[in-house]
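Trainee: Contents of final.csv (CSV, C-alpha atoms) are below:
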chain,number,residue,atom,x,y,z
R,1,MET,CA,96.1,102.9,100.2
R,2,ASP,CA,96.2,105.5,97.4
R,3,VAL,CA,99.4,104.9,95.3
R,4,ASP,CA,101.2,107.4,93.2
R,5,PRO,CA,99.9,106.9,89.6
R,6,GLU,CA,103.5,106.8,88.3
R,7,LEU,CA,104.1,103.8,90.6
R,8,ALA,CA,100.8,102.0,90.1
R,9,ASP,CA,101.7,100.3,86.8
R,10,LEU,CA,105.2,99.3,88.1
R,11,ILE,CA,104.3,97.6,91.3
R,12,GLU,CA,103.4,94.2,89.9
R,13,ALA,CA,107.0,93.8,88.8
R,14,PHE,CA,108.3,94.1,92.4
R,15,PRO,CA,109.8,90.7,93.6
R,16,THR,CA,107.7,90.6,96.8
R,17,ARG,CA,104.6,90.4,94.7
R,18,ARG,CA,105.5,86.8,93.8
R,19,VAL,CA,104.9,85.6,97.3
R,20,ASP,CA,101.6,84.5,99.0
R,21,TRP,CA,102.5,86.1,102.3
R,22,ALA,CA,99.2,85.2,103.9
R,23,ALA,CA,99.9,81.4,103.6
R,24,ALA,CA,103.6,81.6,104.4
R,25,THR,CA,105.2,80.4,107.6
R,26,PRO,CA,108.8,80.6,108.9
R,27,PHE,CA,109.4,77.1,107.3
R,28,ASP,CA,108.7,78.7,103.9
R,29,VAL,CA,111.4,81.4,104.1
R,30,PRO,CA,114.1,79.5,102.2
R,31,ARG,CA,111.6,79.0,99.3
R,32,ILE,CA,110.6,82.6,99.5
R,33,ARG,CA,114.2,83.7,99.2
R,34,GLU,CA,114.5,81.6,96.0
R,35,VAL,CA,111.3,83.1,94.5
R,36,ILE,CA,112.4,86.6,95.2
R,37,ALA,CA,115.9,86.1,94.0
R,38,ALA,CA,114.6,84.6,90.7
R,39,ALA,CA,112.3,87.6,90.3
R,40,ALA,CA,115.1,90.0,91.0
R,41,ARG,CA,117.4,88.3,88.5
R,42,SER,CA,114.8,88.8,85.8
R,43,ALA,CA,114.5,92.5,86.4
R,44,SER,CA,116.9,95.1,84.8
R,45,PRO,CA,119.8,95.6,87.1
R,46,PRO,CA,120.3,99.1,88.5
R,47,PRO,CA,123.0,101.2,87.0
R,48,VAL,CA,126.3,100.9,88.8
R,49,ALA,CA,128.2,104.1,89.7
R,50,SER,CA,131.8,104.4,88.5
R,51,GLY,CA,134.5,106.0,90.5
R,52,ARG,CA,134.5,103.6,93.5
R,53,THR,CA,136.2,100.5,94.7
R,54,VAL,CA,134.6,97.6,96.5
R,55,GLN,CA,136.3,95.1,98.9
R,56,ASP,CA,134.7,92.2,100.7
R,57,VAL,CA,136.1,91.7,104.2
R,58,GLU,CA,135.8,89.4,107.2
R,59,ALA,CA,135.3,91.9,110.0
R,60,ASP,CA,136.7,90.3,113.2
R,61,VAL,CA,136.5,91.9,116.6
R,62,PRO,CA,138.3,90.0,119.3
R,63,GLY,CA,135.9,88.6,121.9
R,64,ALA,CA,132.9,89.9,119.9
R,65,GLY,CA,132.7,87.8,116.8
R,66,ARG,CA,133.1,87.9,113.0
R,67,VAL,CA,130.8,89.2,110.2
R,68,ARG,CA,131.2,89.7,106.5
R,69,VAL,CA,131.1,93.3,105.3
R,70,ARG,CA,131.4,95.0,101.9
R,71,VAL,CA,133.5,98.2,102.0
R,72,HIS,CA,132.8,100.9,99.3
R,73,ARG,CA,135.4,103.6,98.9
R,74,PRO,CA,135.7,106.4,96.4
R,75,GLU,CA,138.5,105.9,93.9
R,76,ASP,CA,139.4,109.6,93.8
R,77,PRO,CA,138.3,111.3,97.1
R,78,ARG,CA,137.0,114.7,96.3
R,79,GLY,CA,136.3,115.9,99.8
R,80,PRO,CA,138.4,116.1,103.0
R,81,VAL,CA,140.6,113.2,104.1
R,82,PRO,CA,139.8,111.3,106.3
R,83,ALA,CA,136.3,111.0,104.8
R,84,PRO,CA,132.9,110.7,106.5
R,85,GLY,CA,131.7,107.1,106.9
R,86,LEU,CA,128.5,105.2,107.0
R,87,VAL,CA,127.8,101.7,108.4
R,88,TRP,CA,124.9,100.6,106.2
R,89,ILE,CA,122.4,97.8,107.1
R,90,HIS,CA,120.4,96.2,104.3
R,91,GLY,CA,116.7,95.6,104.4
R,92,GLY,CA,114.6,92.5,103.8
R,93,GLY,CA,112.2,92.1,106.7
R,94,PHE,CA,115.0,90.4,108.8
R,95,ILE,CA,114.6,87.3,106.5
R,96,LEU,CA,115.8,88.5,103.0
R,97,GLY,CA,118.7,90.3,101.4
R,98,SER,CA,122.4,90.6,101.4
R,99,ALA,CA,125.1,93.2,101.6
R,100,LEU,CA,127.0,91.5,98.8
R,101,ALA,CA,124.5,92.5,96.1
R,102,PRO,CA,125.2,95.8,94.2
R,103,ASP,CA,123.5,98.7,95.9
R,104,ALA,CA,123.2,101.6,93.6
R,105,ARG,CA,122.0,103.9,96.4
R,106,VAL,CA,125.2,103.3,98.5
R,107,GLU,CA,127.4,103.6,95.4
R,108,ARG,CA,125.9,107.0,94.6
R,109,TRP,CA,126.8,108.3,98.1
R,110,VAL,CA,130.3,107.0,97.7
R,111,VAL,CA,130.8,108.9,94.4
R,112,GLU,CA,128.8,112.0,95.1
R,113,LEU,CA,129.7,112.6,98.8
R,114,GLY,CA,133.0,110.9,99.1
R,115,LEU,CA,131.6,108.6,101.9
R,116,VAL,CA,133.2,105.3,102.9
R,117,VAL,CA,130.4,102.8,103.3
R,118,VAL,CA,130.7,99.6,105.3
R,119,SER,CA,127.7,97.4,104.3
R,120,VAL,CA,126.9,94.6,106.8
R,121,ASP,CA,126.1,91.1,105.7
R,122,TYR,CA,124.3,90.1,108.9
R,123,ARG,CA,122.8,86.7,109.6
R,124,LEU,CA,119.2,86.3,108.7
R,125,ALA,CA,116.1,85.0,110.6
R,126,PRO,CA,114.6,82.6,111.2
R,127,GLU,CA,117.8,80.6,111.2
R,128,TYR,CA,119.4,83.3,113.3
R,129,PRO,CA,116.7,85.2,115.3
R,130,TYR,CA,117.3,88.2,117.6
R,131,PRO,CA,119.8,89.1,118.9
R,132,ALA,CA,122.1,87.5,116.3
R,133,PRO,CA,121.5,90.1,113.5
R,134,LEU,CA,121.9,93.0,115.9
R,135,GLU,CA,125.1,91.4,117.3
R,136,ASP,CA,126.5,91.2,113.8
R,137,CYS,CA,125.7,94.9,113.2
R,138,ALA,CA,127.4,95.8,116.5
R,139,VAL,CA,130.5,93.8,115.4
R,140,ALA,CA,130.6,95.6,112.1
R,141,TRP,CA,130.3,99.0,113.8
R,142,GLU,CA,133.1,98.3,116.3
R,143,TRP,CA,135.3,97.0,113.4
R,144,ALA,CA,134.7,100.2,111.4
R,145,CYS,CA,135.6,102.2,114.5
R,146,ARG,CA,138.8,100.2,115.1
R,147,HIS,CA,139.9,100.4,111.5
R,148,ALA,CA,138.8,104.0,110.8
R,149,ALA,CA,142.4,105.1,110.0
R,150,GLU,CA,143.0,102.1,107.7
R,151,LEU,CA,139.6,102.8,105.9
R,152,GLY,CA,140.4,106.5,105.6
R,153,VAL,CA,137.4,107.4,107.8
R,154,ASP,CA,137.0,110.2,110.2
R,155,PRO,CA,135.7,108.4,113.3
R,156,VAL,CA,133.7,111.4,114.6
R,157,ARG,CA,131.9,111.5,111.2
R,158,LEU,CA,130.9,107.9,111.2
R,159,GLY,CA,127.2,107.3,111.2
R,160,VAL,CA,124.8,104.4,110.8
R,161,GLY,CA,121.9,103.8,108.5
R,162,GLY,CA,119.7,101.3,106.7
R,163,GLY,CA,116.6,100.5,104.8
R,164,SER,CA,113.4,98.8,106.2
R,165,ALA,CA,114.5,96.1,108.6
R,166,GLY,CA,118.0,97.4,108.2
R,167,ALA,CA,116.9,100.8,109.4
R,168,GLY,CA,115.2,99.1,112.3
R,169,LEU,CA,118.5,97.4,113.1
R,170,ALA,CA,120.3,100.8,112.7
R,171,ALA,CA,117.9,102.4,115.2
R,172,ALA,CA,118.4,99.6,117.6
R,173,LEU,CA,122.1,99.8,117.2
R,174,SER,CA,122.1,103.5,118.0
R,175,LEU,CA,120.1,102.8,121.2
R,176,ARG,CA,122.5,100.1,122.2
R,177,LEU,CA,125.6,102.2,121.6
R,178,ARG,CA,124.1,105.1,123.5
R,179,ASP,CA,123.5,102.8,126.5
R,180,ARG,CA,126.6,100.6,126.3
R,181,GLY,CA,129.2,102.3,124.0
R,182,PRO,CA,131.9,102.0,122.8
R,183,ALA,CA,130.9,104.9,120.5
R,184,VAL,CA,127.7,106.7,119.5
R,185,PRO,CA,127.1,107.3,115.8
R,186,ALA,CA,127.4,110.8,114.5
R,187,PHE,CA,124.1,110.5,112.7
R,188,GLN,CA,121.5,107.9,111.8
R,189,LEU,CA,119.7,107.6,108.4
R,190,LEU,CA,116.5,105.6,108.6
R,191,HIS,CA,114.9,104.8,105.3
R,192,TYR,CA,111.3,103.6,105.9
R,193,PRO,CA,112.4,101.9,109.1
R,194,MET,CA,110.8,98.7,110.4
R,195,LEU,CA,110.6,99.8,114.1
R,196,ASP,CA,107.5,98.2,115.7
R,197,HIS,CA,106.7,94.5,115.9
R,198,ARG,CA,103.0,95.4,116.6
R,199,THR,CA,102.5,96.9,113.1
R,200,GLY,CA,100.3,94.9,110.8
R,201,HIS,CA,97.7,93.6,113.2
R,202,GLY,CA,94.2,94.8,112.3
R,203,VAL,CA,95.3,97.1,109.4
R,204,SER,CA,92.5,98.3,107.2
R,205,ALA,CA,94.7,99.3,104.2
R,206,GLU,CA,97.4,97.2,102.6
R,207,ASP,CA,100.9,98.1,101.4
R,208,PRO,CA,101.2,96.5,97.9
R,209,ILE,CA,104.9,95.9,98.3
R,210,TRP,CA,105.2,94.8,102.0
R,211,PRO,CA,101.7,93.7,103.2
R,212,ALA,CA,100.8,93.2,106.8
R,213,ALA,CA,101.2,89.4,106.5
R,214,ALA,CA,104.8,89.8,105.3
R,215,ASN,CA,105.5,92.1,108.2
R,216,GLN,CA,104.1,89.7,110.7
R,217,LEU,CA,106.1,86.8,109.2
R,218,GLY,CA,109.3,88.9,109.4
R,219,TRP,CA,108.8,89.8,113.0
R,220,ALA,CA,107.8,86.2,114.0
R,221,CYS,CA,111.1,85.0,112.4
R,222,TYR,CA,113.2,87.7,114.0
R,223,LEU,CA,111.7,87.4,117.5
R,224,GLY,CA,111.5,83.6,117.4
R,225,LYS,CA,108.1,83.6,119.1
R,226,ASP,CA,104.9,85.5,119.2
R,227,GLY,CA,105.7,87.9,121.9
R,228,THR,CA,103.7,90.6,123.4
R,229,ALA,CA,104.9,94.2,123.8
R,230,ALA,CA,105.9,93.5,127.4
R,231,GLU,CA,108.0,90.5,126.4
R,232,VAL,CA,109.9,92.1,123.5
R,233,PRO,CA,113.0,94.2,124.3
R,234,ALA,CA,113.4,97.7,122.8
R,235,TYR,CA,116.7,96.6,121.2
R,236,ALA,CA,114.6,94.3,119.1
R,237,SER,CA,111.6,96.6,118.5
R,238,PRO,CA,113.0,100.2,118.9
R,239,ALA,CA,109.5,101.7,119.0
R,240,LEU,CA,109.2,100.3,122.5
R,241,ALA,CA,112.2,102.3,123.9
R,242,ASP,CA,111.1,104.5,126.8
R,243,ASP,CA,113.9,107.0,126.3
R,244,LEU,CA,114.9,108.4,122.9
R,245,SER,CA,117.1,111.2,124.3
R,246,ARG,CA,120.9,111.5,123.5
R,247,LEU,CA,120.5,109.9,120.1
R,248,PRO,CA,122.3,111.4,117.1
R,249,PRO,CA,120.7,113.7,114.4
R,250,THR,CA,118.3,111.5,112.5
R,251,GLY,CA,116.8,111.4,109.0
R,252,ILE,CA,113.6,109.5,108.5
R,253,PHE,CA,112.3,109.1,105.0
R,254,VAL,CA,109.1,107.0,104.3
R,255,GLY,CA,106.3,106.8,101.8
R,256,GLY,CA,102.8,108.0,102.7
R,257,ALA,CA,101.4,104.6,101.5
R,258,ASP,CA,104.0,102.6,103.4
R,259,LEU,CA,102.8,100.1,106.0
R,260,PHE,CA,105.4,101.7,108.3
R,261,CYS,CA,104.3,105.3,107.8
R,262,GLN,CA,102.5,105.7,111.1
R,263,GLU,CA,105.1,104.0,113.2
R,264,ASP,CA,107.8,106.1,111.6
R,265,LEU,CA,105.9,109.3,112.2
R,266,ALA,CA,105.4,108.4,115.8
R,267,PHE,CA,109.1,107.6,116.2
R,268,ALA,CA,110.1,110.9,114.6
R,269,THR,CA,107.7,112.8,116.9
R,270,ARG,CA,109.1,111.2,120.0
R,271,LEU,CA,112.7,111.9,118.8
R,272,VAL,CA,111.8,115.6,118.4
R,273,GLU,CA,110.2,115.6,121.9
R,274,ALA,CA,113.4,114.1,123.3
R,275,GLY,CA,115.5,117.0,121.8
R,276,VAL,CA,116.9,115.0,118.9
R,277,PRO,CA,117.3,116.9,115.6
R,278,VAL,CA,115.2,115.2,113.0
R,279,ASP,CA,114.8,115.6,109.2
R,280,LEU,CA,111.5,113.9,108.1
R,281,GLY,CA,110.5,113.2,104.6
R,282,VAL,CA,107.0,111.7,103.8
R,283,TYR,CA,106.3,111.0,100.1
R,284,ALA,CA,102.6,110.9,99.1
R,285,GLY,CA,101.4,107.8,97.4
R,286,ALA,CA,104.7,105.9,97.9
R,287,PRO,CA,104.5,102.4,99.2
R,288,HIS,CA,107.3,100.4,100.8
R,289,GLY,CA,110.4,100.0,98.7
R,290,PHE,CA,109.3,102.7,96.2
R,291,ASP,CA,112.9,103.7,95.6
R,292,GLY,CA,113.3,100.4,93.8
R,293,PHE,CA,111.6,102.2,90.9
R,294,ALA,CA,114.6,104.5,90.5
R,295,GLN,CA,113.4,106.6,87.5
R,296,THR,CA,110.2,107.7,89.1
R,297,ASP,CA,109.8,111.3,90.3
R,298,VAL,CA,109.1,110.3,93.9
R,299,ALA,CA,112.1,108.0,94.0
R,300,LYS,CA,114.3,110.8,92.7
R,301,ARG,CA,113.0,113.3,95.3
R,302,CYS,CA,113.6,110.9,98.1
R,303,ARG,CA,117.1,110.1,96.9
R,304,ARG,CA,117.9,113.8,96.7
R,305,ASP,CA,116.5,114.5,100.2
R,306,MET,CA,118.5,111.6,101.7
R,307,THR,CA,121.7,112.8,100.0
R,308,ASP,CA,121.1,116.3,101.2
R,309,PHE,CA,120.7,115.0,104.7
R,310,LEU,CA,124.0,113.1,104.5
R,311,ARG,CA,125.8,116.0,103.0
R,312,ARG,CA,124.8,118.3,105.9
R,313,VAL,CA,125.3,115.9,108.9
R,314,THR,CA,128.7,114.7,107.7
R,315,ARG,CA,129.8,118.3,107.3
R,316,GLN,CA,128.6,119.3,110.8
R,317,ALA,CA,129.6,116.4,113.0
R,318,SER,CA,132.6,117.0,115.2
R,319,PRO,CA,134.0,115.4,118.4
R,320,THR,CA,132.9,116.2,121.9
R,321,ARG,CA,133.4,113.7,124.7
R,322,ASN,CA,135.0,110.3,124.9
R,323,ALA,CA,132.5,107.9,123.3
R,324,GLY,CA,133.0,105.4,126.0
R,325,SER,CA,131.4,107.8,128.5
R,326,GLY,CA,127.9,106.9,127.3
R,327,GLU,CA,127.4,110.4,125.9
R,328,PRO,CA,127.0,111.1,122.2
R,329,GLY,CA,130.3,111.1,120.3
R,330,PHE,CA,129.3,114.0,118.1
R,331,ARG,CA,128.4,117.7,118.2
R,332,SER,CA,126.0,119.2,115.7
R,333,GLU,CA,125.2,122.8,114.9
R,334,GLN,CA,121.6,121.8,115.3
R,335,THR,CA,122.1,120.4,118.8
R,336,PRO,CA,120.8,122.6,121.6
Do you think you could lay out the structure here as structure tokens?
Mentor:
Amino acid sequence: MDVDPELADLIEAFPTRRVDWAAATPFDVPRIREVIAAAARSASPPPVASGRTVQDVEADVPGAGRVRVRVHRPEDPRGPVPAPGLVWIHGGGFILGSALAPDARVERWVVELGLVVVSVDYRLAPEYPYPAPLEDCAVAWEWACRHAAELGVDPVRLGVGGGSAGAGLAAALSLRLRDRGPAVPAFQLLHYPMLDHRTGHGVSAEDPIWPAAANQLGWACYLGKDGTAAEVPAYASPALADDLSRLPPTGIFVGGADLFCQEDLAFATRLVEAGVPVDLGVYAGAPHGFDGFAQTDVAKRCRRDMTDFLRRVTRQASPTRNAGSGEPGFRSEQTP
């Protein structure tokens, strides 16, 4: 793939470049985590935004389970109280990552937009394959809804989002909440979402950050077996969902050189066809994870576009029906 020249010289420093993905198996995942963690420690840490507080919490929903979350709140709320909220799900191909590491992107939204962010520390595959990670995200969502008043969150302006595999989990969670309740997100922000377990087979061009072999390993760990499209549920691989109607306003932002670009464009098109308001950003020459190079022009543009999306949807969302009815728990000025 043609990579943005500003990114080309930086890519070799990305932690995933330290892994021989083609030779890796699920048994190698613990070692891969160590390699990537060591590479990340050697890199310059992202700047941490001031003006926020962070609290690590054991989110417990009776009868549903318990999961660790990290709650980010503005120290001095500038906007309306209660504030809009976001349940954020980290990326890592279902096998990597943690909500407990500083996330400069989330911190900026807390400070700039006054969002309260609940970041989910879900269990990872292959030790915990589907549906365990999605169950953890559902517990965190329900906990955020139950504790909205305590968190200072307006429950009808609570959305869900994530990056990469986390964005795939966010999309799956929106589908599940639409079908089962208890409340449908006001919006979903999907940053280069990992939506389709079929992606990566027979590709002719490679993503230098998240190659096809890495994607296949992540999905194999998450699904726990080599399943066909007919065997994999849509809550695991959201691209398989037959019906995308009655989902909340969605922002999808992906690089043009990302392995996920085609699956994300297809998902965005189907959302539009189903009557869902969609903001779509595609960034020429940007591979997966390009926002990790925070000072590049393309990363700044994407960051600005996602912030603008959040600013608009958190301003527009307002209540309609009881969320338990199975109907969306939001109304948007964009909604027909």
Trainee: What is the CA of Val282 in chain R-CA of Tyr235 in chain R distance in Å, reported with one decimal?
Mentor: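 Between CA of Val282 in chain R and CA of Tyr235 in chain R the gap works out to 25.0 Å.
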Trainee: How many Å lie between CA of Cys137 in chain R and CA of Arg123 in chain R, rounded to one decimal?
Mentor: 9.4 Å
Trainee: Quick one, how far is CA of Gly161 in chain R from CA of Phe187 in chain R?
Mentor: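 Those two atoms sit 8.2 Å apart.
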Trainee: With all atoms listed in the file as the counted atoms, please give the residues lying no more than 10 Å from Gly256 in chain R, apart from itself and same-chain residues fewer than 4 positions off, as a PyMOL selection string.
Mentor: chain R and resi 1-4+260-262+281-288
Trainee: Report as an NGL selection string all protein, DNA and RNA residues lying within 12 Å of range 231-233 of chain R, evaluated on only C-alpha atoms, omitting residues in the same chain fewer than 4 positions from it.
Mentor: :R and (130-131 or 172 or 175-176 or 195-198 or 219-220 or 222-227 or 237-242)
Trainee: Using only C-alpha atoms for the distances, tell me which of R:Leu86, R:Leu177, R:Val29, R:Val61 is nearest to Leu124 in chain R.
Mentor: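 Under the stated criterion, the closest residue is R:Val29.
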Trainee: My list of candidates is R:Ala83, R:Ala125, R:Val184, R:Ala170. Which is closest to Gly97 in chain R when distances are computed with only C-alpha atoms?
Mentor: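 Of all the options, R:Ala125 lies closest to Gly97 in chain R.
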